[in-house]
file entry-v1.cif (mmCIF, C-alpha atoms)
data_protein
#
loop_
_atom_site.label_atom_id
_atom_site.label_comp_id
_atom_site.auth_asym_id
_atom_site.auth_seq_id
_atom_site.Cartn_x
_atom_site.Cartn_y
_atom_site.Cartn_z
CA MET A 1 -30.08 31.49 94.71
CA ASN A 2 -33.82 31.86 94.61
CA ILE A 3 -34.60 34.19 97.49
CA GLY A 4 -38.04 34.59 99.03
CA ILE A 5 -38.82 37.89 100.75
CA TYR A 6 -41.72 37.95 103.20
CA GLY A 7 -42.84 41.32 104.53
CA GLY A 8 -45.44 42.03 107.15
CA SER A 9 -46.29 43.80 110.39
CA PHE A 10 -45.85 40.71 112.58
CA ASP A 11 -47.84 42.42 115.31
CA PRO A 12 -47.49 39.89 116.87
CA VAL A 13 -45.71 37.20 114.90
CA HIS A 14 -47.77 33.98 115.05
CA LYS A 15 -47.75 30.36 113.93
CA GLY A 16 -49.60 31.22 110.73
CA HIS A 17 -46.64 33.35 109.66
CA ILE A 18 -44.27 30.49 110.43
CA ALA A 19 -46.41 28.01 108.50
CA LEU A 20 -46.31 30.26 105.44
CA VAL A 21 -42.50 30.47 105.61
CA ARG A 22 -42.22 26.71 106.09
CA ASP A 23 -44.47 25.90 103.13
CA ALA A 24 -42.81 28.48 100.89
CA LEU A 25 -39.50 26.73 101.51
CA ALA A 26 -41.12 23.34 100.89
CA SER A 27 -42.59 24.55 97.59
CA GLY A 28 -39.23 24.34 95.86
CA TYR A 29 -39.49 27.86 94.47
CA VAL A 30 -37.12 29.44 97.00
CA ASP A 31 -33.87 28.37 98.63
CA CYS A 32 -34.21 30.67 101.62
CA VAL A 33 -36.71 33.14 103.09
CA ILE A 34 -35.86 36.61 104.38
CA VAL A 35 -38.49 38.00 106.73
CA VAL A 36 -38.83 41.78 106.72
CA PRO A 37 -40.88 43.36 109.53
CA SER A 38 -42.45 46.58 108.26
CA VAL A 39 -41.45 49.91 109.75
CA ARG A 40 -44.07 52.30 108.36
CA ASN A 41 -46.70 50.17 106.68
CA ASN A 42 -48.73 52.14 104.12
CA PHE A 43 -51.98 50.49 105.24
CA LYS A 44 -51.43 50.66 109.01
CA ARG A 45 -48.57 53.02 109.79
CA TYR A 46 -49.23 54.30 113.34
CA SER A 47 -52.25 52.03 113.86
CA MET A 48 -49.88 49.12 114.44
CA THR A 49 -49.90 48.13 118.09
CA LEU A 50 -46.15 48.22 118.68
CA PRO A 51 -43.30 50.36 117.31
CA ALA A 52 -41.07 48.72 114.73
CA PRO A 53 -38.13 47.71 116.98
CA TYR A 54 -40.32 45.53 119.20
CA ARG A 55 -41.80 43.74 116.19
CA TYR A 56 -38.41 43.32 114.54
CA TYR A 57 -36.71 41.87 117.62
CA MET A 58 -39.70 39.67 118.46
CA THR A 59 -39.72 38.22 114.94
CA LYS A 60 -35.96 37.72 115.07
CA ALA A 61 -36.24 35.93 118.41
CA VAL A 62 -38.75 33.51 116.90
CA CYS A 63 -36.75 32.82 113.73
CA ASP A 64 -33.51 32.43 115.68
CA ASP A 65 -35.19 30.00 118.06
CA LEU A 66 -36.63 27.93 115.21
CA THR A 67 -33.26 27.83 113.49
CA GLU A 68 -31.31 26.92 116.62
CA SER A 69 -33.78 24.17 117.50
CA GLY A 70 -33.54 22.72 113.99
CA LYS A 71 -37.25 23.23 113.29
CA LEU A 72 -36.63 25.61 110.40
CA GLU A 73 -33.57 26.34 108.29
CA LYS A 74 -32.50 29.07 105.89
CA VAL A 75 -34.79 31.71 107.40
CA TYR A 76 -33.33 35.13 108.12
CA VAL A 77 -34.72 38.41 109.45
CA CYS A 78 -33.74 41.70 107.82
CA ASP A 79 -34.01 45.28 109.10
CA SER A 80 -33.81 46.89 105.66
CA GLU A 81 -36.92 49.04 106.13
CA PHE A 82 -35.36 50.99 109.02
CA GLY A 83 -33.31 52.85 106.42
CA ILE A 84 -36.37 54.06 104.48
CA LYS A 85 -37.57 57.58 105.24
CA GLY A 86 -41.33 57.91 105.23
CA ILE A 87 -43.74 55.14 104.28
CA SER A 88 -41.97 51.87 103.51
CA TYR A 89 -43.67 50.85 100.28
CA THR A 90 -42.95 47.33 99.02
CA PHE A 91 -41.18 48.52 95.88
CA MET A 92 -38.76 50.52 98.04
CA THR A 93 -37.99 47.49 100.17
CA LEU A 94 -37.28 45.46 97.05
CA GLU A 95 -35.09 48.19 95.55
CA ILE A 96 -32.88 47.97 98.61
CA MET A 97 -32.86 44.21 98.97
CA THR A 98 -32.29 43.34 95.34
CA ASP A 99 -29.22 45.56 95.16
CA PRO A 100 -26.38 43.05 94.59
CA GLU A 101 -24.03 44.63 97.12
CA PHE A 102 -26.70 44.81 99.81
CA MET A 103 -27.82 41.22 99.35
CA THR A 104 -24.31 39.82 99.16
CA GLU A 105 -23.34 41.55 102.41
CA PHE A 106 -26.56 40.49 104.12
CA LEU A 107 -26.19 36.83 103.14
CA LEU A 108 -22.55 36.75 104.21
CA GLU A 109 -23.61 38.09 107.61
CA GLN A 110 -26.06 35.17 107.88
CA GLY A 111 -23.26 32.68 107.28
CA VAL A 112 -24.04 31.92 103.64
CA LYS A 113 -20.95 30.85 101.71
CA LYS A 114 -19.34 33.55 99.55
CA LYS A 115 -20.05 31.93 96.19
CA LYS A 116 -23.76 31.54 96.93
CA ALA A 117 -24.01 34.95 98.55
CA GLU A 118 -22.64 36.68 95.48
CA GLY A 119 -25.37 35.28 93.27
CA PRO A 120 -26.83 35.62 90.76
CA HIS A 121 -30.18 35.69 92.56
CA GLU A 122 -33.82 35.52 91.61
CA TYR A 123 -36.31 37.15 93.97
CA TYR A 124 -39.81 36.13 95.03
CA TRP A 125 -42.18 38.31 97.03
CA ILE A 126 -44.12 35.93 99.28
CA MET A 127 -47.72 36.82 100.03
CA GLY A 128 -51.03 35.37 101.14
CA SER A 129 -53.80 34.62 98.68
CA ASP A 130 -55.93 37.41 100.16
CA THR A 131 -53.31 40.07 99.35
CA LEU A 132 -52.76 38.70 95.84
CA GLY A 133 -56.36 39.62 95.08
CA THR A 134 -55.69 43.27 95.89
CA PHE A 135 -52.15 43.47 94.50
CA GLU A 136 -53.10 45.55 91.46
CA THR A 137 -54.19 48.37 93.80
CA TRP A 138 -50.81 48.50 95.56
CA TYR A 139 -48.50 51.48 95.11
CA LYS A 140 -46.36 51.03 91.98
CA PRO A 141 -47.09 47.32 91.43
CA GLU A 142 -45.16 47.36 88.16
CA GLU A 143 -42.02 48.33 90.09
CA ILE A 144 -42.55 45.44 92.47
CA LEU A 145 -42.87 43.02 89.54
CA ARG A 146 -39.74 44.46 87.95
CA HIS A 147 -37.77 43.25 90.96
CA ALA A 148 -39.54 40.04 91.93
CA THR A 149 -41.91 37.23 91.01
CA LEU A 150 -44.99 37.03 93.23
CA LEU A 151 -45.21 33.79 95.20
CA ALA A 152 -48.72 33.45 96.60
CA ALA A 153 -49.87 30.97 99.22
CA GLU A 154 -53.00 29.06 98.29
CA ARG A 155 -54.95 28.06 101.38
CA PRO A 156 -57.81 25.61 100.84
CA GLY A 157 -61.17 26.96 101.92
CA ASP A 158 -60.27 30.64 102.16
CA GLY A 159 -62.68 31.57 99.38
CA VAL A 160 -60.06 33.21 97.15
CA ASP A 161 -59.67 32.13 93.52
CA VAL A 162 -55.88 32.30 93.53
CA GLU A 163 -55.39 31.28 89.93
CA LYS A 164 -57.86 33.90 88.72
CA ALA A 165 -56.08 36.61 90.74
CA ALA A 166 -52.71 35.40 89.44
CA GLU A 167 -53.87 35.45 85.85
CA SER A 168 -55.19 38.99 86.30
CA VAL A 169 -51.75 40.17 87.45
CA ARG A 170 -50.11 38.40 84.53
CA GLU A 171 -52.47 39.90 81.96
CA ASN A 172 -52.83 43.42 83.35
CA LEU A 173 -49.31 44.02 84.63
CA GLY A 174 -47.21 41.49 82.73
CA GLY A 175 -45.86 40.09 85.97
CA LYS A 176 -44.75 36.63 86.95
CA VAL A 177 -46.86 34.86 89.57
CA GLU A 178 -46.38 31.43 91.13
CA THR A 179 -48.49 29.74 93.78
CA PHE A 180 -47.91 27.13 96.46
CA ARG A 181 -50.16 25.21 98.81
CA LEU A 182 -50.35 26.46 102.39
CA ASN A 183 -51.13 23.98 105.11
CA GLY A 184 -51.31 26.72 107.64
CA VAL A 185 -52.67 27.48 111.07
CA GLU A 186 -55.97 29.35 111.11
CA CYS A 187 -55.06 32.49 113.02
CA SER A 188 -54.42 36.18 112.56
CA SER A 189 -52.77 38.91 114.58
CA HIS A 190 -56.09 40.74 114.79
CA GLU A 191 -57.84 37.71 116.24
CA ILE A 192 -55.06 37.15 118.75
CA LEU A 193 -55.21 40.73 120.01
CA SER A 194 -59.01 40.83 120.03
CA SER A 195 -59.37 37.60 121.99
CA GLY A 196 -56.30 37.90 124.19
CA ASP A 197 -55.52 34.27 123.36
CA PHE A 198 -51.81 34.03 122.55
CA SER A 199 -51.71 30.24 122.18
CA SER A 200 -51.05 30.65 118.44
CA VAL A 201 -47.94 32.72 119.17
CA PRO A 202 -44.60 30.83 119.18
CA ASP A 203 -42.93 30.28 122.55
CA ALA A 204 -40.05 32.67 121.84
CA ALA A 205 -42.48 35.46 121.01
CA ARG A 206 -44.60 34.77 124.10
CA GLU A 207 -41.47 34.98 126.25
CA PHE A 208 -40.50 38.26 124.57
CA ILE A 209 -44.00 39.66 125.08
CA ALA A 210 -44.08 38.63 128.73
CA ARG A 211 -40.62 40.02 129.47
CA HIS A 212 -41.56 43.48 128.18
CA GLU A 213 -45.24 43.32 129.22
CA LEU A 214 -46.46 44.05 125.71
CA TYR A 215 -50.04 44.00 124.40
CA THR A 216 -51.29 45.15 127.80
CA GLU A 217 -53.36 48.12 128.91
CA ARG A 218 -50.08 50.02 129.29
CA THR A 219 -49.07 49.60 125.66
CA LYS A 220 -52.50 50.74 124.47
CA LEU A 221 -51.35 54.23 125.58
CA ALA A 222 -54.73 55.31 126.94
CA GLY A 223 -54.73 59.04 127.58
CA VAL A 224 -51.95 59.72 125.09
CA SER A 225 -52.70 61.89 122.06
CA ASP A 226 -52.37 60.52 118.54
CA ALA A 227 -49.65 63.08 117.85
CA ALA A 228 -47.57 61.87 120.80
CA LYS A 229 -48.09 58.25 119.83
CA GLU A 230 -46.84 58.99 116.31
CA ARG A 231 -43.83 60.81 117.73
CA PHE A 232 -43.11 57.82 119.98
CA PHE A 233 -43.18 55.46 117.01
CA GLU A 234 -40.84 57.77 115.11
CA ALA A 235 -38.49 58.07 118.09
CA ALA A 236 -38.22 54.29 118.20
CA VAL A 237 -37.12 54.19 114.56
CA TRP A 238 -34.76 57.16 114.96
CA MET A 239 -32.94 55.52 117.88
CA TYR A 240 -32.59 52.12 116.17
CA PRO A 241 -29.18 52.82 114.56
CA TYR A 242 -27.75 54.23 117.79
CA LEU A 243 -28.75 51.63 120.39
CA GLY A 244 -28.39 47.87 120.67
CA GLU A 245 -31.40 45.65 121.24
CA LYS A 246 -31.34 45.55 125.04
CA ARG A 247 -30.84 49.29 125.50
CA LEU A 248 -33.37 50.30 122.85
CA LEU A 249 -36.11 48.08 124.23
CA HIS A 250 -35.33 49.32 127.74
CA THR A 251 -35.68 52.97 126.79
CA LEU A 252 -38.95 52.27 124.95
CA ASN A 253 -40.25 50.32 127.95
CA VAL A 254 -39.52 53.37 130.07
CA GLY A 255 -41.56 55.48 127.65
CA TYR A 256 -44.57 53.20 128.01
CA LEU A 257 -44.31 53.04 131.79
CA SER A 258 -43.76 56.80 132.10
CA ALA A 259 -46.97 57.48 130.17
CA GLU A 260 -48.88 55.10 132.42
CA LEU A 261 -47.50 56.72 135.57
CA ALA A 262 -48.29 60.18 134.23
CA VAL A 263 -51.95 59.24 133.74
CA ARG A 264 -52.02 57.76 137.24
CA PHE A 265 -50.45 60.72 138.98
CA GLY A 266 -51.84 63.64 137.00
CA ALA A 267 -48.81 64.58 134.90
CA ASP A 268 -48.76 65.09 131.14
CA PRO A 269 -48.75 61.61 129.52
CA ASP A 270 -47.64 62.96 126.13
CA LYS A 271 -44.51 64.51 127.60
CA ALA A 272 -43.89 61.50 129.83
CA LEU A 273 -44.08 59.10 126.88
CA ILE A 274 -41.51 61.03 124.86
CA ALA A 275 -39.18 61.85 127.75
CA GLY A 276 -39.17 58.25 128.91
CA ALA A 277 -38.65 56.88 125.42
CA LEU A 278 -35.73 59.21 124.68
CA HIS A 279 -34.06 59.11 128.09
CA ASP A 280 -31.22 56.75 127.04
CA CYS A 281 -30.91 57.88 123.43
CA ALA A 282 -27.23 58.89 123.88
CA LYS A 283 -26.22 55.91 126.04
CA GLU A 284 -24.16 54.16 123.37
CA LEU A 285 -22.63 57.13 121.60
CA ALA A 286 -18.86 57.52 121.69
CA GLU A 287 -17.63 58.83 125.05
CA ASP A 288 -16.09 61.95 123.51
CA SER A 289 -19.42 62.82 121.91
CA GLN A 290 -21.21 62.29 125.21
CA LYS A 291 -18.72 64.56 127.01
CA GLU A 292 -19.17 67.34 124.49
CA MET A 293 -22.96 67.13 124.57
CA ALA A 294 -23.09 66.88 128.37
CA SER A 295 -20.96 69.99 128.72
CA GLU A 296 -23.19 71.85 126.30
CA TYR A 297 -26.34 71.10 128.32
CA SER A 298 -25.12 71.22 131.91
CA GLY A 299 -21.58 72.60 132.02
CA ASP A 300 -19.37 70.62 134.39
CA LEU A 301 -22.22 69.25 136.52
CA PHE A 302 -21.81 65.77 135.05
CA THR A 303 -18.28 64.46 134.51
CA GLU A 304 -18.50 60.81 135.63
CA LYS A 305 -18.53 58.45 132.64
CA LYS A 306 -21.68 56.59 133.76
CA LEU A 307 -23.64 59.84 134.03
CA LEU A 308 -22.63 61.55 130.79
CA HIS A 309 -25.37 59.96 128.71
CA ALA A 310 -28.14 61.73 130.63
CA PRO A 311 -27.30 65.38 129.83
CA ALA A 312 -25.88 64.25 126.49
CA GLY A 313 -29.25 62.66 125.79
CA ALA A 314 -30.96 66.03 126.22
CA ILE A 315 -28.76 67.55 123.51
CA PHE A 316 -28.99 64.49 121.26
CA ALA A 317 -32.79 64.45 121.55
CA HIS A 318 -32.85 68.18 120.75
CA ASP A 319 -30.39 68.23 117.87
CA GLY A 320 -30.95 64.75 116.45
CA PHE A 321 -34.66 64.19 116.97
CA GLY A 322 -35.86 67.78 117.12
CA GLU A 323 -37.26 67.72 120.65
CA LYS A 324 -37.65 71.32 121.85
CA ASP A 325 -39.67 70.96 125.06
CA LYS A 326 -37.50 72.04 128.01
CA GLU A 327 -39.44 69.94 130.52
CA ILE A 328 -38.84 66.82 128.44
CA LEU A 329 -35.15 67.66 127.99
CA ASP A 330 -34.70 68.24 131.74
CA ALA A 331 -36.40 64.94 132.52
CA ILE A 332 -33.89 63.24 130.22
CA CYS A 333 -30.97 65.11 131.77
CA TYR A 334 -31.78 64.21 135.38
CA HIS A 335 -33.17 60.70 134.94
CA THR A 336 -30.07 59.10 136.46
CA THR A 337 -29.28 61.37 139.41
CA GLY A 338 -32.50 63.19 140.15
CA ARG A 339 -32.14 66.70 141.57
CA GLY A 340 -33.62 69.05 144.12
CA GLY A 341 -37.08 70.41 143.34
CA MET A 342 -37.90 67.71 140.82
CA SER A 343 -41.05 68.12 138.74
CA SER A 344 -43.59 65.31 138.59
CA LEU A 345 -42.39 64.53 135.07
CA GLU A 346 -38.79 64.22 136.25
CA LYS A 347 -39.82 61.95 139.13
CA ILE A 348 -41.80 59.75 136.76
CA VAL A 349 -38.96 59.23 134.28
CA TYR A 350 -36.46 58.70 137.14
CA LEU A 351 -38.74 56.04 138.62
CA ALA A 352 -39.74 54.35 135.36
CA ASP A 353 -36.08 53.98 134.40
CA LYS A 354 -35.49 51.90 137.53
CA ILE A 355 -38.62 49.70 137.47
CA GLU A 356 -39.63 49.10 133.84
CA PRO A 357 -40.72 45.46 133.41
CA ALA A 358 -37.51 44.09 131.92
CA ARG A 359 -35.46 45.34 134.90
CA GLN A 360 -34.39 42.41 137.07
CA TYR A 361 -31.30 43.69 138.88
CA MET A 362 -32.86 43.60 142.39
CA ASP A 363 -36.13 42.88 144.14
CA LEU A 364 -38.22 45.72 142.77
CA SER A 365 -41.58 44.51 144.07
CA PRO A 366 -41.81 47.00 147.00
CA ILE A 367 -41.06 49.91 144.68
CA ARG A 368 -43.45 48.66 142.02
CA ALA A 369 -46.15 48.24 144.66
CA ALA A 370 -45.63 51.81 145.91
CA ALA A 371 -45.79 53.09 142.34
CA GLN A 372 -49.40 51.95 142.16
CA THR A 373 -50.54 54.60 144.65
CA ASP A 374 -47.81 57.00 145.76
CA LEU A 375 -45.30 58.56 143.38
CA ASP A 376 -43.19 60.24 146.06
CA GLU A 377 -42.95 57.08 148.15
CA ALA A 378 -41.91 55.06 145.11
CA VAL A 379 -39.24 57.64 144.29
CA ARG A 380 -38.10 57.64 147.93
CA LEU A 381 -37.76 53.84 147.99
CA THR A 382 -35.83 53.96 144.72
CA ALA A 383 -33.46 56.62 146.03
CA LEU A 384 -32.92 54.65 149.25
CA ALA A 385 -32.06 51.51 147.29
CA ILE A 386 -29.57 53.36 145.10
CA LYS A 387 -28.03 55.19 148.06
CA GLY A 388 -27.60 51.86 149.87
CA LYS A 389 -25.86 50.38 146.84
CA PHE A 390 -23.52 53.39 146.56
CA ASP A 391 -22.73 53.27 150.29
CA ARG A 392 -21.84 49.57 150.07
CA GLN A 393 -19.58 50.24 147.09
CA GLY A 394 -17.96 53.26 148.70
CA ARG A 395 -19.06 55.48 145.83
CA GLN A 396 -19.59 59.21 146.22
CA THR A 397 -23.14 60.50 145.82
CA HIS A 398 -23.60 63.08 143.06
CA PRO A 399 -24.47 66.60 144.33
CA ALA A 400 -27.75 66.60 142.38
CA THR A 401 -28.69 63.34 144.07
CA VAL A 402 -27.81 64.80 147.49
CA ASP A 403 -30.30 67.60 146.82
CA MET A 404 -32.97 65.07 145.82
CA LEU A 405 -32.32 62.96 148.93
CA ARG A 406 -32.66 66.06 151.10
CA ASP A 407 -36.04 66.84 149.52
CA LEU A 408 -37.11 63.25 150.21
CA GLY A 409 -36.02 63.44 153.85
CA ILE A 410 -33.17 60.97 153.38
CA LYS A 411 -29.84 61.60 155.09
#
call {"tool": "encode", "arguments": {"input": "entry-v1.cif", "output": "structure tokens"}}
result
Amino acid sequence: MNIGIYGGSFDPVHKGHIALVRDALASGYVDCVIVVPSVRNNFKRYSMTLPAPYRYYMTKAVCDDLTESGKLEKVYVCDSEFGIKGISYTFMTLEIMTDPEFMTEFLLEQGVKKKKAEGPHEYYWIMGSDTLGTFETWYKPEEILRHATLLAAERPGDGVDVEKAAESVRENLGGKVETFRLNGVECSSHEILSSGDFSSVPDAAREFIARHELYTERTKLAGVSDAAKERFFEAAVWMYPYLGEKRLLHTLNVGYLSAELAVRFGADPDKALIAGALHDCAKELAEDSQKEMASEYSGDLFTEKKLLHAPAGAIFAHDGFGEKDKEILDAICYHTTGRGGMSSLEKIVYLADKIEPARQYMDLSPIRAAAQTDLDEAVRLTALAIKGKFDRQGRQTHPATVDMLRDLGIK
């Protein structure tokens, strides 16, 4: 098979990206296109608006929707860059993806028949005409060309002499370069974010963005230090192998909302961002591992299966991610039950866990309204709602929660 690989930030994915994939397939050079959202882009790294998991799952939602609707075929999304430590340079991505065992397994997972999946394969790195002009300045371009032919989109009227740039790569680096005509949509991620006009974003991506309330004032992380933002981005990548899509996006949503609440109510937004983001990091570990970690952090205080992940998360964040701050670890530990004498940080993570934007399990509007002005009232309403649910189910209230209810004046 001739396999096209298309890397990018996709922050957000837009119709111009889709047009490029469509026309690359129509060019006849490639039989399929694998889209690879970047994890740590050398040119942007932490300046990207969203952490890698959001961009990966948003891009996948779009490609899956296009495939299921019959609008686009033989387009797959790959998470290969999540396994790269440090900056994800293009040559590293290609080293992984052109490995015969990796590619065979990946294609089989996409439903490609065994004979085709096993190859042999030829690889094409798909790029825009603007990036072809700067390709010779990329990190280890010779290594890229060792793995793949460059396949550059030629867009009429963009002012780039594609053939001249292609010939330069051929002469100076000895690489193979092919071009194809792009009948694309005039848009860019930068323009979309600058204008706030998301009409050039596919429906599936707009739905994803709306569900998680992305590209808002909240996700700009105003008041958060650059160091904390970088740590948040790294936490998102670290948790990716341990959590499924729904749980990972939930815990990251809680990080964003916790930082916003911390700014609003005078707590430390850096600590709130990290505590919120990591609060469910142990949620999908094996139960035996959760039990062991929970016991290490809090003795026999937490024994119920549904509660183990909270204290286990404190240990996992400490040992696995290197988080040493005791206030952050305690906020993770008590995010499910609360406790007596809660700090503002603990209240914030407890609250954010229950009301982050993707939560739809009950009418949260009264709690969300209270959270605009009164942290304690929002926590009280949350505790009342949970207590009511437990009472209806005949479930026993955890002792730590009893202490929290007493502090809140709830009997």
call {"tool": "resolve_selection", "arguments": {"input": "entry-v1.cif", "expression": "the PyMOL selection byres ((chain A and resi 311-319) around 8)", "output": "PyMOL selection string"}}
result
chain A and resi 278-283+290-298+302+307-310+320-324+329-330+332-334
call {"tool": "atom_distance", "arguments": {"input": "entry-v1.cif", "atom1": "atom CA of A:Phe265", "atom2": "atom CA of A:Glu327"}}
result
16.7 Å
call {"tool": "atom_distance", "arguments": {"input": "entry-v1.cif", "atom1": "atom CA of A:His190", "atom2": "atom CA of A:Leu214"}}
result
14.9 Å
call {"tool": "closest_residue", "arguments": {"input": "entry-v1.cif", "among": "A:Glu217, A:His212, A:Glu171, A:Asp64", "to": "A:Gly196", "atoms": "all atoms listed in the file"}}
result
A:Glu217
call {"tool": "closest_residue", "arguments": {"input": "entry-v1.cif", "among": "A:Leu94, A:Phe233, A:Lys354, A:Lys114", "to": "A:Lys140", "atoms": "all atoms listed in the file"}}
result
A:Leu94
call {"tool": "closest_residue", "arguments": {"input": "entry-v1.cif", "among": "A:Gly394, A:Gly223, A:Ala272, A:Val13", "to": "A:Asp203", "atoms": "all atoms listed in the file"}}
result
A:Val13
call {"tool": "residues_around", "arguments": {"input": "entry-v1.cif", "residues": "stretch 81-88 of chain A", "least_positions_apart": "6", "cutoff": "8 Å", "atoms": "only C-alpha atoms", "output": "number ranges by chain"}}
result
A: 36-42, 45, 237, 240
call {"tool": "atom_distance", "arguments": {"input": "entry-v1.cif", "atom1": "atom CA of A:Lys71", "atom2": "atom CA of A:Ser194"}}
result
28.8 Å
call {"tool": "residues_around", "arguments": {"input": "entry-v1.cif", "residues": "A:Val402", "least_positions_apart": "3", "cutoff": "9 Å", "atoms": "only C-alpha atoms", "output": "list in words"}}
result
Thr337, Gly338, Arg339, Gly340, Thr397, His398, Pro399, Leu405, Arg406, Asp407, Ile410 and Lys411 of chain A
call {"tool": "closest_residue", "arguments": {"input": "entry-v1.cif", "among": "A:Gly341, A:Pro120, A:Gly184, A:Pro269", "to": "A:Ala222", "atoms": "only C-alpha atoms"}}
result
A:Pro269
call {"tool": "resolve_selection", "arguments": {"input": "entry-v1.cif", "expression": "the PyMOL selection byres ((chain A and resi 273) around 7)", "output": "list in words"}}
result
Gly255, Tyr256, Ser258, Ala259, Pro269, Asp270, Lys271, Ala272, Ile274, Ala275, Gly276 and Ala277 of chain A
call {"tool": "write_last_selection", "arguments": {"input": "entry-v1.cif", "atoms": "C-alpha atoms", "output": "mmCIF file, in the frame of the given file"}}
result
data_model
loop_
_atom_site.group_PDB
_atom_site.id
_atom_site.type_symbol
_atom_site.label_atom_id
_atom_site.label_comp_id
_atom_site.auth_asym_id
_atom_site.auth_seq_id
_atom_site.Cartn_x
_atom_site.Cartn_y
_atom_site.Cartn_z
ATOM 1 C CA GLY A 255 -41.560 55.480 127.650
ATOM 2 C CA TYR A 256 -44.570 53.200 128.010
ATOM 3 C CA SER A 258 -43.760 56.800 132.100
ATOM 4 C CA ALA A 259 -46.970 57.480 130.170
ATOM 5 C CA PRO A 269 -48.750 61.610 129.520
ATOM 6 C CA ASP A 270 -47.640 62.960 126.130
ATOM 7 C CA LYS A 271 -44.510 64.510 127.600
ATOM 8 C CA ALA A 272 -43.890 61.500 129.830
ATOM 9 C CA ILE A 274 -41.510 61.030 124.860
ATOM 10 C CA ALA A 275 -39.180 61.850 127.750
ATOM 11 C CA GLY A 276 -39.170 58.250 128.910
ATOM 12 C CA ALA A 277 -38.650 56.880 125.420
#
call {"tool": "closest_residue", "arguments": {"input": "entry-v1.cif", "among": "A:Tyr123, A:Phe198, A:Phe10, A:Phe106", "to": "A:Tyr54", "atoms": "only C-alpha atoms"}}
result
A:Phe10
call {"tool": "resolve_selection", "arguments": {"input": "entry-v1.cif", "expression": "the PyMOL selection byres ((chain A and resi 150) around 8)", "output": "list of chain:residue names"}}
result
A:Tyr124, A:Trp125, A:Ile126, A:Met127, A:Leu145, A:Ala148, A:Thr149, A:Leu151, A:Ala152, A:Gly175, A:Lys176, A:Val177, A:Glu178
call {"tool": "closest_residue", "arguments": {"input": "entry-v1.cif", "among": "A:Ala227, A:Pro51, A:Ser27, A:Leu408", "to": "A:Met239", "atoms": "only C-alpha atoms"}}
result
A:Pro51
call {"tool": "residues_around", "arguments": {"input": "entry-v1.cif", "residues": "A:Asn183", "least_positions_apart": "5", "cutoff": "10 Å", "atoms": "all atoms listed in the file", "output": "VMD selection string"}}
result
chain A and resid 16 19 to 20 22 to 23 153 to 156
call {"tool": "residues_around", "arguments": {"input": "entry-v1.cif", "residues": "A:Ala205", "least_positions_apart": "4", "cutoff": "8 Å", "atoms": "all atoms listed in the file", "output": "PyMOL selection string"}}
result
chain A and resi 12-13+58-59+61-62+201+209
call {"tool": "residues_around", "arguments": {"input": "entry-v1.cif", "residues": "A:Thr104", "least_positions_apart": "4", "cutoff": "6 Å", "atoms": "all atoms listed in the file", "output": "MDAnalysis selection string"}}
result
chainID A and resid 100 117:118
call {"tool": "decode", "arguments": {"input": "entry-v1.cif", "residues": "stretch 174-184 of chain A", "atoms": "N, CA and C atoms", "output": "compact mmCIF listing (two decimals), in the first residue's frame"}}
result
# COMPACT_ATOMS: atom_id res chain seq x y z
N GLY A 174 18.49 15.20 -1.83
CA GLY A 174 18.35 13.93 -2.54
C GLY A 174 17.04 13.23 -2.25
N GLY A 175 16.04 14.00 -1.84
CA GLY A 175 14.76 13.39 -1.48
C GLY A 175 13.78 13.32 -2.63
N LYS A 176 12.76 12.50 -2.44
CA LYS A 176 11.68 12.41 -3.40
C LYS A 176 10.55 13.35 -2.99
N VAL A 177 10.04 14.10 -3.93
CA VAL A 177 8.95 15.03 -3.67
C VAL A 177 7.92 14.92 -4.78
N GLU A 178 6.67 14.78 -4.41
CA GLU A 178 5.55 14.80 -5.35
C GLU A 178 4.59 15.89 -4.92
N THR A 179 3.81 16.38 -5.87
CA THR A 179 2.84 17.44 -5.54
C THR A 179 1.46 17.04 -6.05
N PHE A 180 0.45 17.64 -5.44
CA PHE A 180 -0.93 17.44 -5.90
C PHE A 180 -1.70 18.75 -5.74
N ARG A 181 -2.74 18.89 -6.50
CA ARG A 181 -3.53 20.12 -6.48
C ARG A 181 -4.52 20.08 -5.32
N LEU A 182 -4.56 21.17 -4.57
CA LEU A 182 -5.47 21.29 -3.44
C LEU A 182 -6.59 22.26 -3.78
N ASN A 183 -7.78 21.77 -3.76
CA ASN A 183 -8.96 22.62 -3.94
C ASN A 183 -9.57 22.83 -2.57
N GLY A 184 -8.84 23.54 -1.75
CA GLY A 184 -9.18 23.59 -0.34
C GLY A 184 -10.03 24.75 0.08
